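A short worksheet on the structure shown next.
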Amino acid sequence: MNAETIARDLLKIRAVFFRPDEPFTWASGIKSPVYCDNRLTLTAPEVRNDVETGLAELVEEYYPDAEVLMGTSTAGIAHAAIVGHLLKLPMGYVRSGAKDHGRKNQIEGRLLPGQKVVVVEDLISTGGSVIEVVNVLREAGADVLGVVSIFTYGMQKGLERLAAAGVVNRSLCSFDVIARVAAEEDYIRPDDVERLLRFRDDPSDESWIGARA
């Protein structure tokens, strides 16, 4: 599954929506020209098929020794389940924190020490959330081979954090590709692409807002 196909899919269902002239505000306070909601892929059967097939292909190509898939909570759970079904692999997921009742699990599903695990995530920005999941799995004795995800911003901070944690991510589509395809398909103006990439390079620098390339 090529990145351009996934980009067109995500744009078509507004899972990735660009608004460079009226930026969104993230919970951190950062102004962003893009809004991502990859959960929408689950309610669009044709797009869902492309996404899950693509994720399965990434696992087969880059992590052929995978024994278990683990989804991130909550966005990665459904994708891990579907891809696990396609590849006939067991799956589970990692909670954001341990339960305060029952067995007080943080990892749901059977995971044996030494098993080779691939983490399934919907998107990667700064990398913090998925690194936390990887650390929980490693502490449980898993051999984490890497991560597959639908979309990555390719932010420098995220790339550096993943590298420092020894985590390899493989994404179906990148911010650069989807920005280019969005311009080609008239979702944004061609001269907006440079502004979007300036945001990608340094999200804390808001000089791209209102600027024309």
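Quick note on naming: the chains in the structure tokens go A, B, ... in the order shown, residues restart at 1 in each chain, and ligands are numbered from 1 in order of appearance.
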Could you pull out the residues in range 51-122 of chain A that DSSP calls strand (DSSP E) from the backbone, as number ranges by chain? A: 68-72, 91-94, 107-108, 116-122
Using only C-alpha atoms, determine which residues lie at most 8 Å from range 87-96 of chain A, disregarding the query and same-chain residues fewer than 2 positions distant; provide the list as a tab-separated table (two decimals) with all heavy atoms, in the first residue's frame.
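Contents of selection.tsv, as written:
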chain	number	residue	atom	x	y	z
A	56	ALA	N	-0.82	-4.39	7.89
A	56	ALA	CA	-0.41	-5.81	7.85
A	56	ALA	C	0.82	-5.99	6.96
A	56	ALA	O	1.74	-6.76	7.30
A	56	ALA	CB	-1.57	-6.67	7.34
A	67	GLU	N	5.30	-12.06	16.91
A	67	GLU	CA	4.48	-13.12	17.51
A	67	GLU	C	3.19	-12.58	18.12
A	67	GLU	O	2.21	-13.31	18.25
A	67	GLU	CB	5.28	-13.84	18.59
A	67	GLU	CG	6.51	-14.56	18.07
A	67	GLU	CD	7.35	-15.16	19.18
A	67	GLU	OE1	7.76	-14.41	20.09
A	67	GLU	OE2	7.59	-16.39	19.13
A	68	VAL	N	3.20	-11.31	18.51
A	68	VAL	CA	2.04	-10.69	19.15
A	68	VAL	C	1.96	-9.23	18.70
A	68	VAL	O	2.99	-8.56	18.55
A	68	VAL	CB	2.16	-10.71	20.70
A	68	VAL	CG1	0.92	-10.09	21.34
A	68	VAL	CG2	2.39	-12.12	21.21
A	69	LEU	N	0.73	-8.75	18.49
A	69	LEU	CA	0.51	-7.32	18.24
A	69	LEU	C	-0.09	-6.70	19.49
A	69	LEU	O	-0.98	-7.29	20.11
A	69	LEU	CB	-0.44	-7.11	17.06
A	69	LEU	CG	-0.04	-7.73	15.72
A	69	LEU	CD1	-1.09	-7.40	14.67
A	69	LEU	CD2	1.33	-7.24	15.28
A	70	MET	N	0.38	-5.51	19.85
A	70	MET	CA	-0.15	-4.80	21.01
A	70	MET	C	-0.59	-3.40	20.59
A	70	MET	O	0.23	-2.61	20.11
A	70	MET	CB	0.90	-4.71	22.12
A	70	MET	CG	1.05	-5.99	22.91
A	70	MET	SD	-0.34	-6.22	24.06
A	70	MET	CE	-0.09	-7.94	24.53
A	71	GLY	N	-1.87	-3.10	20.75
A	71	GLY	CA	-2.39	-1.79	20.40
A	71	GLY	C	-2.19	-0.79	21.52
A	71	GLY	O	-2.12	-1.15	22.70
A	72	THR	N	-2.06	0.47	21.15
A	72	THR	CA	-2.02	1.54	22.14
A	72	THR	C	-3.46	1.88	22.53
A	72	THR	O	-4.38	1.76	21.73
A	72	THR	CB	-1.35	2.79	21.58
A	72	THR	OG1	-2.04	3.22	20.40
A	72	THR	CG2	0.10	2.51	21.22
A	73	SER	N	-3.62	2.30	23.76
A	73	SER	CA	-4.96	2.63	24.25
A	73	SER	C	-5.21	4.13	24.08
A	73	SER	O	-4.39	4.95	24.46
A	73	SER	CB	-5.06	2.25	25.72
A	73	SER	OG	-6.30	2.57	26.27
A	74	THR	N	-6.34	4.47	23.43
A	74	THR	CA	-7.34	3.56	22.90
A	74	THR	C	-7.30	3.46	21.37
A	74	THR	O	-7.88	2.54	20.79
A	74	THR	CB	-8.76	4.02	23.30
A	74	THR	OG1	-8.97	5.36	22.78
A	74	THR	CG2	-8.95	4.04	24.80
A	76	GLY	N	-5.17	2.64	19.10
A	76	GLY	CA	-4.56	1.54	18.37
A	76	GLY	C	-5.22	0.19	18.56
A	76	GLY	O	-4.86	-0.78	17.88
A	77	ILE	N	-6.19	0.11	19.47
A	77	ILE	CA	-6.76	-1.20	19.83
A	77	ILE	C	-7.47	-1.85	18.64
A	77	ILE	O	-7.21	-3.01	18.30
A	77	ILE	CB	-7.72	-1.07	21.02
A	77	ILE	CG1	-6.96	-0.61	22.26
A	77	ILE	CG2	-8.42	-2.40	21.29
A	77	ILE	CD1	-7.85	-0.32	23.46
A	80	ALA	N	-5.05	-2.92	15.91
A	80	ALA	CA	-4.29	-4.12	16.29
A	80	ALA	C	-5.15	-5.37	16.15
A	80	ALA	O	-4.67	-6.43	15.72
A	80	ALA	CB	-3.77	-3.99	17.72
A	81	ALA	N	-6.43	-5.25	16.51
A	81	ALA	CA	-7.33	-6.41	16.42
A	81	ALA	C	-7.55	-6.83	14.97
A	81	ALA	O	-7.49	-8.03	14.64
A	81	ALA	CB	-8.67	-6.08	17.09
A	83	VAL	N	-5.66	-6.07	12.25
A	83	VAL	CA	-4.41	-6.54	11.64
A	83	VAL	C	-4.04	-7.92	12.20
A	83	VAL	O	-3.57	-8.79	11.46
A	83	VAL	CB	-3.27	-5.53	11.87
A	83	VAL	CG1	-1.95	-6.07	11.35
A	83	VAL	CG2	-3.60	-4.21	11.19
A	84	GLY	N	-4.27	-8.13	13.49
A	84	GLY	CA	-4.03	-9.44	14.07
A	84	GLY	C	-4.86	-10.52	13.40
A	84	GLY	O	-4.39	-11.64	13.16
A	85	HIS	N	-6.11	-10.16	13.08
A	85	HIS	CA	-6.99	-11.11	12.38
A	85	HIS	C	-6.44	-11.41	10.99
A	85	HIS	O	-6.40	-12.59	10.57
A	85	HIS	CB	-8.40	-10.51	12.27
A	85	HIS	CG	-9.35	-11.36	11.49
A	85	HIS	ND1	-9.89	-12.52	11.99
A	85	HIS	CD2	-9.85	-11.21	10.24
A	85	HIS	CE1	-10.69	-13.06	11.08
A	85	HIS	NE2	-10.68	-12.29	10.02
A	98	ALA	N	-2.36	1.23	35.02
A	98	ALA	CA	-2.88	-0.03	35.54
A	98	ALA	C	-4.28	0.16	36.11
A	98	ALA	O	-4.60	1.22	36.67
A	98	ALA	CB	-1.95	-0.58	36.62
A	106	GLN	N	-2.17	-3.66	33.42
A	106	GLN	CA	-1.96	-2.56	32.47
A	106	GLN	C	-1.87	-3.12	31.06
A	106	GLN	O	-2.28	-2.48	30.11
A	106	GLN	CB	-0.70	-1.76	32.81
A	106	GLN	CG	-0.52	-0.54	31.90
A	106	GLN	CD	0.51	0.43	32.40
A	106	GLN	OE1	1.20	0.19	33.39
A	106	GLN	NE2	0.66	1.55	31.70
A	107	ILE	N	-1.35	-4.35	30.96
A	107	ILE	CA	-1.32	-5.04	29.67
A	107	ILE	C	-2.50	-6.00	29.62
A	107	ILE	O	-2.63	-6.87	30.49
A	107	ILE	CB	-0.01	-5.81	29.49
A	107	ILE	CG1	1.18	-4.85	29.51
A	107	ILE	CG2	-0.03	-6.61	28.18
A	107	ILE	CD1	2.53	-5.55	29.51
A	108	GLU	N	-3.35	-5.83	28.63
A	108	GLU	CA	-4.52	-6.71	28.47
A	108	GLU	C	-4.25	-7.69	27.34
A	108	GLU	O	-3.84	-7.31	26.24
A	108	GLU	CB	-5.78	-5.89	28.17
A	108	GLU	CG	-6.17	-4.91	29.26
A	108	GLU	CD	-6.69	-5.59	30.53
A	108	GLU	OE1	-6.73	-6.84	30.57
A	108	GLU	OE2	-7.05	-4.87	31.47
A	109	GLY	N	-4.50	-8.96	27.61
A	109	GLY	CA	-4.18	-10.02	26.66
A	109	GLY	C	-2.97	-10.79	27.15
A	109	GLY	O	-2.22	-10.32	28.00
A	110	ARG	N	-2.79	-12.00	26.64
A	110	ARG	CA	-1.70	-12.85	27.10
A	110	ARG	C	-0.38	-12.42	26.47
A	110	ARG	O	-0.26	-12.30	25.25
A	110	ARG	CB	-1.99	-14.31	26.76
A	110	ARG	CG	-0.95	-15.29	27.34
A	110	ARG	CD	-1.31	-16.72	27.01
A	110	ARG	NE	-2.63	-17.06	27.53
A	110	ARG	CZ	-2.88	-17.40	28.79
A	110	ARG	NH1	-1.90	-17.44	29.66
A	110	ARG	NH2	-4.11	-17.70	29.17
A	133	VAL	N	4.28	3.09	26.04
A	133	VAL	CA	3.74	1.75	25.79
A	133	VAL	C	4.87	0.75	25.62
A	133	VAL	O	4.86	-0.35	26.19
A	133	VAL	CB	2.82	1.77	24.55
A	133	VAL	CG1	2.50	0.34	24.09
A	133	VAL	CG2	1.54	2.53	24.85
A	136	VAL	N	6.44	-0.12	28.96
A	136	VAL	CA	5.62	-1.04	29.75
A	136	VAL	C	5.81	-2.47	29.25
A	136	VAL	O	5.96	-3.41	30.05
A	136	VAL	CB	4.13	-0.64	29.67
A	136	VAL	CG1	3.23	-1.73	30.27
A	136	VAL	CG2	3.89	0.68	30.40
Compile a residue-level contact table for range 18-85 of chain A against range 192-213 of chain A at a cut-off of 8 Å, reporting for every qualifying residue the shortest atom pair and its distance in Å to one decimal, with only C-alpha atoms counted, rows ordered by chain and ascending number, as JSON lines.
{"residue": "A:Pro20", "atom": "CA", "partner": "A:Ile209", "partner_atom": "CA", "distance": 7.0}
{"residue": "A:Asp21", "atom": "CA", "partner": "A:Gly210", "partner_atom": "CA", "distance": 6.0}
{"residue": "A:Pro23", "atom": "CA", "partner": "A:Ile209", "partner_atom": "CA", "distance": 7.7}
{"residue": "A:Ile30", "atom": "CA", "partner": "A:Ser204", "partner_atom": "CA", "distance": 6.5}
{"residue": "A:Lys31", "atom": "CA", "partner": "A:Glu206", "partner_atom": "CA", "distance": 7.2}
{"residue": "A:Ser32", "atom": "CA", "partner": "A:Phe199", "partner_atom": "CA", "distance": 7.4}
{"residue": "A:Pro33", "atom": "CA", "partner": "A:Leu196", "partner_atom": "CA", "distance": 6.9}
Print the selection's residues with C-alpha atoms to a file, as an mmCIF file, in the first residue's frame.
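So again.cif came out as:
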data_model
loop_
_atom_site.group_PDB
_atom_site.id
_atom_site.type_symbol
_atom_site.label_atom_id
_atom_site.label_comp_id
_atom_site.auth_asym_id
_atom_site.auth_seq_id
_atom_site.Cartn_x
_atom_site.Cartn_y
_atom_site.Cartn_z
ATOM 1 C CA PRO A 20 -3.525 26.641 7.720
ATOM 2 C CA ASP A 21 -5.325 29.990 7.898
ATOM 3 C CA PRO A 23 -5.176 26.795 13.002
ATOM 4 C CA ILE A 30 0.504 24.659 20.266
ATOM 5 C CA LYS A 31 -1.247 26.061 17.197
ATOM 6 C CA SER A 32 -1.507 23.477 14.443
ATOM 7 C CA PRO A 33 -2.595 23.738 10.787
#
I'd like the neighbourhood of Gly54 in chain A as a ChimeraX atom specification, where a residue qualifies if any of its atoms comes within 9 Å (using only C-alpha atoms), though same-chain residues fewer than 6 positions away should be ignored. /A:1-2,6,150,172
Residue neighbourhood Gly127 in chain A, 12 Å, only C-alpha atoms, exclusion window fewer than 3 positions, as a PDB file with N, CA, C and O atoms, in the first residue's frame:
ATOM      1  N   GLU A 121      -0.075   1.680  16.468  1.00  0.00           N
ATOM      2  CA  GLU A 121      -0.463   3.024  16.878  1.00  0.00           C
ATOM      3  C   GLU A 121      -1.171   3.720  15.726  1.00  0.00           C
ATOM      4  O   GLU A 121      -0.970   3.345  14.563  1.00  0.00           O
ATOM      5  N   ASP A 122      -2.008   4.728  16.035  1.00  0.00           N
ATOM      6  CA  ASP A 122      -2.666   5.417  14.924  1.00  0.00           C
ATOM      7  C   ASP A 122      -1.810   6.542  14.365  1.00  0.00           C
ATOM      8  O   ASP A 122      -1.645   6.668  13.166  1.00  0.00           O
ATOM      9  N   LEU A 123      -1.215   7.382  15.231  1.00  0.00           N
ATOM     10  CA  LEU A 123      -0.344   8.425  14.711  1.00  0.00           C
ATOM     11  C   LEU A 123       0.797   8.707  15.681  1.00  0.00           C
ATOM     12  O   LEU A 123       0.681   8.484  16.881  1.00  0.00           O
ATOM     13  N   ILE A 124       1.886   9.213  15.118  1.00  0.00           N
ATOM     14  CA  ILE A 124       3.072   9.559  15.891  1.00  0.00           C
ATOM     15  C   ILE A 124       3.327  11.047  15.746  1.00  0.00           C
ATOM     16  O   ILE A 124       3.455  11.554  14.618  1.00  0.00           O
ATOM     17  N   VAL A 130       3.748   6.519  22.580  1.00  0.00           N
ATOM     18  CA  VAL A 130       4.111   5.173  22.125  1.00  0.00           C
ATOM     19  C   VAL A 130       5.362   4.672  22.846  1.00  0.00           C
ATOM     20  O   VAL A 130       5.496   3.464  23.102  1.00  0.00           O
ATOM     21  N   ILE A 131       6.264   5.572  23.219  1.00  0.00           N
ATOM     22  CA  ILE A 131       7.446   5.156  23.987  1.00  0.00           C
ATOM     23  C   ILE A 131       7.029   4.631  25.355  1.00  0.00           C
ATOM     24  O   ILE A 131       7.589   3.646  25.856  1.00  0.00           O
ATOM     25  N   GLU A 132       6.043   5.265  25.970  1.00  0.00           N
ATOM     26  CA  GLU A 132       5.539   4.778  27.257  1.00  0.00           C
ATOM     27  C   GLU A 132       5.006   3.357  27.119  1.00  0.00           C
ATOM     28  O   GLU A 132       5.243   2.502  27.980  1.00  0.00           O
ATOM     29  N   VAL A 133       4.277   3.087  26.042  1.00  0.00           N
ATOM     30  CA  VAL A 133       3.737   1.750  25.795  1.00  0.00           C
ATOM     31  C   VAL A 133       4.871   0.747  25.617  1.00  0.00           C
ATOM     32  O   VAL A 133       4.855  -0.355  26.187  1.00  0.00           O
ATOM     33  N   VAL A 134       5.870   1.121  24.829  1.00  0.00           N
ATOM     34  CA  VAL A 134       7.021   0.235  24.607  1.00  0.00           C
ATOM     35  C   VAL A 134       7.717  -0.072  25.930  1.00  0.00           C
ATOM     36  O   VAL A 134       8.087  -1.223  26.205  1.00  0.00           O
ATOM     37  N   VAL A 147       7.302  -0.466  15.909  1.00  0.00           N
ATOM     38  CA  VAL A 147       5.961   0.115  15.870  1.00  0.00           C
ATOM     39  C   VAL A 147       5.499   0.218  14.425  1.00  0.00           C
ATOM     40  O   VAL A 147       6.304   0.493  13.519  1.00  0.00           O
ATOM     41  N   SER A 149       2.355   2.371  12.355  1.00  0.00           N
ATOM     42  CA  SER A 149       1.359   3.421  12.575  1.00  0.00           C
ATOM     43  C   SER A 149       0.786   3.881  11.248  1.00  0.00           C
ATOM     44  O   SER A 149       1.360   3.649  10.181  1.00  0.00           O
ATOM     45  N   PHE A 151       0.014   7.189  10.509  1.00  0.00           N
ATOM     46  CA  PHE A 151       0.470   8.515  10.099  1.00  0.00           C
ATOM     47  C   PHE A 151       1.542   9.026  11.050  1.00  0.00           C
ATOM     48  O   PHE A 151       1.458   8.812  12.260  1.00  0.00           O
ATOM     49  N   THR A 152       2.550   9.689  10.509  1.00  0.00           N
ATOM     50  CA  THR A 152       3.561  10.324  11.350  1.00  0.00           C
ATOM     51  C   THR A 152       3.769  11.766  10.910  1.00  0.00           C
ATOM     52  O   THR A 152       3.773  12.069   9.714  1.00  0.00           O
ATOM     53  N   TYR A 153       3.929  12.643  11.889  1.00  0.00           N
ATOM     54  CA  TYR A 153       4.254  14.033  11.582  1.00  0.00           C
ATOM     55  C   TYR A 153       5.706  14.173  11.122  1.00  0.00           C
ATOM     56  O   TYR A 153       6.038  15.099  10.393  1.00  0.00           O
ATOM     57  N   GLY A 154       6.579  13.293  11.587  1.00  0.00           N
ATOM     58  CA  GLY A 154       7.990  13.422  11.267  1.00  0.00           C
ATOM     59  C   GLY A 154       8.658  14.575  11.984  1.00  0.00           C
ATOM     60  O   GLY A 154       9.679  15.103  11.517  1.00  0.00           O
ATOM     61  N   MET A 155       8.099  14.972  13.138  1.00  0.00           N
ATOM     62  CA  MET A 155       8.681  16.074  13.905  1.00  0.00           C
ATOM     63  C   MET A 155      10.045  15.667  14.456  1.00  0.00           C
ATOM     64  O   MET A 155      10.236  14.533  14.897  1.00  0.00           O
ATOM     65  N   GLN A 156      10.984  16.601  14.452  1.00  0.00           N
ATOM     66  CA  GLN A 156      12.336  16.302  14.897  1.00  0.00           C
ATOM     67  C   GLN A 156      12.353  15.790  16.333  1.00  0.00           C
ATOM     68  O   GLN A 156      13.069  14.849  16.658  1.00  0.00           O
ATOM     69  N   LYS A 157      11.536  16.415  17.194  1.00  0.00           N
ATOM     70  CA  LYS A 157      11.489  15.983  18.584  1.00  0.00           C
ATOM     71  C   LYS A 157      11.061  14.526  18.685  1.00  0.00           C
ATOM     72  O   LYS A 157      11.634  13.739  19.452  1.00  0.00           O
ATOM     73  N   GLY A 158      10.066  14.152  17.905  1.00  0.00           N
ATOM     74  CA  GLY A 158       9.597  12.775  17.917  1.00  0.00           C
ATOM     75  C   GLY A 158      10.647  11.812  17.405  1.00  0.00           C
ATOM     76  O   GLY A 158      10.866  10.737  17.982  1.00  0.00           O
ATOM     77  N   LEU A 159      11.320  12.183  16.309  1.00  0.00           N
ATOM     78  CA  LEU A 159      12.354  11.324  15.744  1.00  0.00           C
ATOM     79  C   LEU A 159      13.490  11.108  16.741  1.00  0.00           C
ATOM     80  O   LEU A 159      14.000   9.995  16.895  1.00  0.00           O
ATOM     81  N   GLU A 160      13.879  12.180  17.434  1.00  0.00           N
ATOM     82  CA  GLU A 160      14.970  12.082  18.396  1.00  0.00           C
ATOM     83  C   GLU A 160      14.577  11.227  19.596  1.00  0.00           C
ATOM     84  O   GLU A 160      15.380  10.417  20.085  1.00  0.00           O
ATOM     85  N   ARG A 161      13.339  11.403  20.071  1.00  0.00           N
ATOM     86  CA  ARG A 161      12.891  10.621  21.233  1.00  0.00           C
ATOM     87  C   ARG A 161      12.805   9.135  20.894  1.00  0.00           C
ATOM     88  O   ARG A 161      13.191   8.279  21.695  1.00  0.00           O
ATOM     89  N   LEU A 162      12.292   8.808  19.721  1.00  0.00           N
ATOM     90  CA  LEU A 162      12.202   7.410  19.314  1.00  0.00           C
ATOM     91  C   LEU A 162      13.598   6.793  19.196  1.00  0.00           C
ATOM     92  O   LEU A 162      13.835   5.674  19.657  1.00  0.00           O
ATOM     93  N   ALA A 163      14.520   7.546  18.586  1.00  0.00           N
ATOM     94  CA  ALA A 163      15.877   7.036  18.425  1.00  0.00           C
ATOM     95  C   ALA A 163      16.542   6.805  19.776  1.00  0.00           C
ATOM     96  O   ALA A 163      17.205   5.779  19.996  1.00  0.00           O
ATOM     97  N   ALA A 164      16.365   7.751  20.691  1.00  0.00           N
ATOM     98  CA  ALA A 164      16.979   7.630  22.013  1.00  0.00           C
ATOM     99  C   ALA A 164      16.425   6.430  22.785  1.00  0.00           C
ATOM    100  O   ALA A 164      17.136   5.811  23.575  1.00  0.00           O
ATOM    101  N   ALA A 165      15.140   6.108  22.540  1.00  0.00           N
ATOM    102  CA  ALA A 165      14.508   4.984  23.224  1.00  0.00           C
ATOM    103  C   ALA A 165      14.741   3.658  22.502  1.00  0.00           C
ATOM    104  O   ALA A 165      14.286   2.605  22.967  1.00  0.00           O
ATOM    105  N   GLY A 166      15.422   3.715  21.354  1.00  0.00           N
ATOM    106  CA  GLY A 166      15.661   2.499  20.596  1.00  0.00           C
ATOM    107  C   GLY A 166      14.397   1.927  19.986  1.00  0.00           C
ATOM    108  O   GLY A 166      14.231   0.710  19.888  1.00  0.00           O
ATOM    109  N   VAL A 167      13.499   2.811  19.555  1.00  0.00           N
ATOM    110  CA  VAL A 167      12.212   2.394  18.996  1.00  0.00           C
ATOM    111  C   VAL A 167      12.170   2.733  17.505  1.00  0.00           C
ATOM    112  O   VAL A 167      12.412   3.881  17.114  1.00  0.00           O
ATOM    113  N   VAL A 168      11.855   1.742  16.683  1.00  0.00           N
ATOM    114  CA  VAL A 168      11.731   1.934  15.239  1.00  0.00           C
ATOM    115  C   VAL A 168      10.254   2.002  14.879  1.00  0.00           C
ATOM    116  O   VAL A 168       9.467   1.133  15.250  1.00  0.00           O
ATOM    117  N   ASN A 169       9.871   3.070  14.161  1.00  0.00           N
ATOM    118  CA  ASN A 169       8.485   3.218  13.712  1.00  0.00           C
ATOM    119  C   ASN A 169       8.415   3.146  12.196  1.00  0.00           C
ATOM    120  O   ASN A 169       9.246   3.730  11.498  1.00  0.00           O
TER     121      ASN A 169
END
A straight line from CA of Asn38 in chain A to CA of Arg14 in chain A spans 8.9 Å
Please report the interatomic distance between CA of Val117 in chain A and CA of Leu137 in chain A in Å with one decimal. 8.4 Å
Looking only at the backbone, which of the residues in range 63-134 of chain A does DSSP tag as alpha helix (DSSP H), as a list of chain:residue names?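 So the alpha helix (DSSP H) residues in range 63-134 of chain A would be A:Ile77, A:Ala78, A:His79, A:Ala80, A:Ala81, A:Ile82, A:Val83, A:Gly84, A:His85, A:Leu86, A:Leu87, A:Gly128, A:Ser129, A:Val130, A:Ile131, A:Glu132, A:Val133, A:Val134.
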Generate the output file for the selected residues, all heavy atoms, as a short mmCIF file (atom, residue, chain, number, x, y, z; two decimals), in the first residue's frame.
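Contents of part37.cif, as written:
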data_model
loop_
_atom_site.label_atom_id
_atom_site.label_comp_id
_atom_site.auth_asym_id
_atom_site.auth_seq_id
_atom_site.Cartn_x
_atom_site.Cartn_y
_atom_site.Cartn_z
N ILE A 77 -6.19 0.11 19.47
CA ILE A 77 -6.76 -1.20 19.83
C ILE A 77 -7.47 -1.85 18.64
O ILE A 77 -7.21 -3.01 18.30
CB ILE A 77 -7.72 -1.07 21.02
CG1 ILE A 77 -6.96 -0.61 22.26
CG2 ILE A 77 -8.42 -2.40 21.29
CD1 ILE A 77 -7.85 -0.32 23.46
N ALA A 78 -8.37 -1.11 18.01
CA ALA A 78 -9.14 -1.69 16.90
C ALA A 78 -8.22 -2.08 15.75
O ALA A 78 -8.40 -3.14 15.13
CB ALA A 78 -10.20 -0.71 16.42
N HIS A 79 -7.24 -1.25 15.46
CA HIS A 79 -6.32 -1.55 14.35
C HIS A 79 -5.48 -2.79 14.67
O HIS A 79 -5.26 -3.63 13.79
CB HIS A 79 -5.42 -0.35 14.08
CG HIS A 79 -6.17 0.88 13.68
ND1 HIS A 79 -6.92 0.95 12.52
CD2 HIS A 79 -6.32 2.07 14.31
CE1 HIS A 79 -7.48 2.16 12.45
NE2 HIS A 79 -7.14 2.84 13.52
N ALA A 80 -5.05 -2.92 15.91
CA ALA A 80 -4.29 -4.12 16.29
C ALA A 80 -5.15 -5.37 16.15
O ALA A 80 -4.67 -6.43 15.72
CB ALA A 80 -3.77 -3.99 17.72
N ALA A 81 -6.43 -5.25 16.51
CA ALA A 81 -7.33 -6.41 16.42
C ALA A 81 -7.55 -6.83 14.97
O ALA A 81 -7.49 -8.03 14.64
CB ALA A 81 -8.67 -6.08 17.09
N ILE A 82 -7.78 -5.85 14.09
CA ILE A 82 -8.04 -6.18 12.68
C ILE A 82 -6.80 -6.72 12.01
O ILE A 82 -6.84 -7.73 11.29
CB ILE A 82 -8.58 -4.94 11.94
CG1 ILE A 82 -9.92 -4.51 12.54
CG2 ILE A 82 -8.75 -5.26 10.45
CD1 ILE A 82 -10.43 -3.18 12.02
N VAL A 83 -5.66 -6.07 12.25
CA VAL A 83 -4.41 -6.54 11.64
C VAL A 83 -4.04 -7.92 12.20
O VAL A 83 -3.57 -8.79 11.46
CB VAL A 83 -3.27 -5.53 11.87
CG1 VAL A 83 -1.95 -6.07 11.35
CG2 VAL A 83 -3.60 -4.21 11.19
N GLY A 84 -4.27 -8.13 13.49
CA GLY A 84 -4.03 -9.44 14.07
C GLY A 84 -4.86 -10.52 13.40
O GLY A 84 -4.39 -11.64 13.16
N HIS A 85 -6.11 -10.16 13.08
CA HIS A 85 -6.99 -11.11 12.38
C HIS A 85 -6.44 -11.41 10.99
O HIS A 85 -6.40 -12.59 10.57
CB HIS A 85 -8.40 -10.51 12.27
CG HIS A 85 -9.35 -11.36 11.49
ND1 HIS A 85 -9.89 -12.52 11.99
CD2 HIS A 85 -9.85 -11.21 10.24
CE1 HIS A 85 -10.69 -13.06 11.08
NE2 HIS A 85 -10.68 -12.29 10.02
N LEU A 86 -6.00 -10.38 10.27
CA LEU A 86 -5.48 -10.59 8.92
C LEU A 86 -4.22 -11.46 8.93
O LEU A 86 -4.03 -12.29 8.03
CB LEU A 86 -5.16 -9.23 8.27
CG LEU A 86 -6.34 -8.31 7.96
CD1 LEU A 86 -5.83 -6.97 7.41
CD2 LEU A 86 -7.29 -8.97 6.96
N LEU A 87 -3.38 -11.26 9.93
CA LEU A 87 -2.11 -11.98 9.98
C LEU A 87 -2.18 -13.25 10.83
O LEU A 87 -1.18 -13.96 10.97
CB LEU A 87 -1.02 -11.06 10.54
CG LEU A 87 -0.69 -9.83 9.70
CD1 LEU A 87 0.36 -8.98 10.40
CD2 LEU A 87 -0.22 -10.23 8.30
N GLY A 128 5.99 10.52 22.58
CA GLY A 128 5.94 10.22 24.00
C GLY A 128 5.02 9.07 24.37
O GLY A 128 5.40 8.18 25.16
N SER A 129 3.82 9.07 23.82
CA SER A 129 2.82 8.06 24.19
C SER A 129 3.26 6.65 23.80
O SER A 129 3.14 5.71 24.59
CB SER A 129 1.47 8.38 23.55
OG SER A 129 0.97 9.62 24.02
N VAL A 130 3.75 6.52 22.58
CA VAL A 130 4.11 5.17 22.12
C VAL A 130 5.36 4.67 22.85
O VAL A 130 5.50 3.46 23.10
CB VAL A 130 4.29 5.15 20.59
CG1 VAL A 130 5.61 5.76 20.15
CG2 VAL A 130 4.17 3.73 20.06
N ILE A 131 6.26 5.57 23.22
CA ILE A 131 7.45 5.16 23.99
C ILE A 131 7.03 4.63 25.36
O ILE A 131 7.59 3.65 25.86
CB ILE A 131 8.45 6.32 24.11
CG1 ILE A 131 9.10 6.59 22.74
CG2 ILE A 131 9.52 6.01 25.15
CD1 ILE A 131 9.95 7.84 22.70
N GLU A 132 6.04 5.27 25.97
CA GLU A 132 5.54 4.78 27.26
C GLU A 132 5.01 3.36 27.12
O GLU A 132 5.24 2.50 27.98
CB GLU A 132 4.44 5.70 27.77
CG GLU A 132 4.93 7.06 28.25
CD GLU A 132 3.81 7.94 28.74
OE1 GLU A 132 2.66 7.44 28.86
OE2 GLU A 132 4.06 9.12 29.01
N VAL A 133 4.28 3.09 26.04
CA VAL A 133 3.74 1.75 25.79
C VAL A 133 4.87 0.75 25.62
O VAL A 133 4.86 -0.35 26.19
CB VAL A 133 2.82 1.77 24.55
CG1 VAL A 133 2.50 0.34 24.09
CG2 VAL A 133 1.54 2.53 24.85
N VAL A 134 5.87 1.12 24.83
CA VAL A 134 7.02 0.23 24.61
C VAL A 134 7.72 -0.07 25.93
O VAL A 134 8.09 -1.22 26.21
CB VAL A 134 8.01 0.87 23.61
CG1 VAL A 134 9.32 0.08 23.58
CG2 VAL A 134 7.40 0.92 22.22
#
Quick one: pull the distance between CA of Leu145 in chain A and CA of Val47 in chain A, Å, one decimal.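 Straight-line distance from CA of Leu145 in chain A to CA of Val47 in chain A works out to 26.6 Å.
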Nearby residues (only C-alpha atoms) at most 7 Å from range 138-144 of chain A, same-chain spacing under 3 positions excluded, as a PyMOL selection string: chain A and resi 113-118+134-135
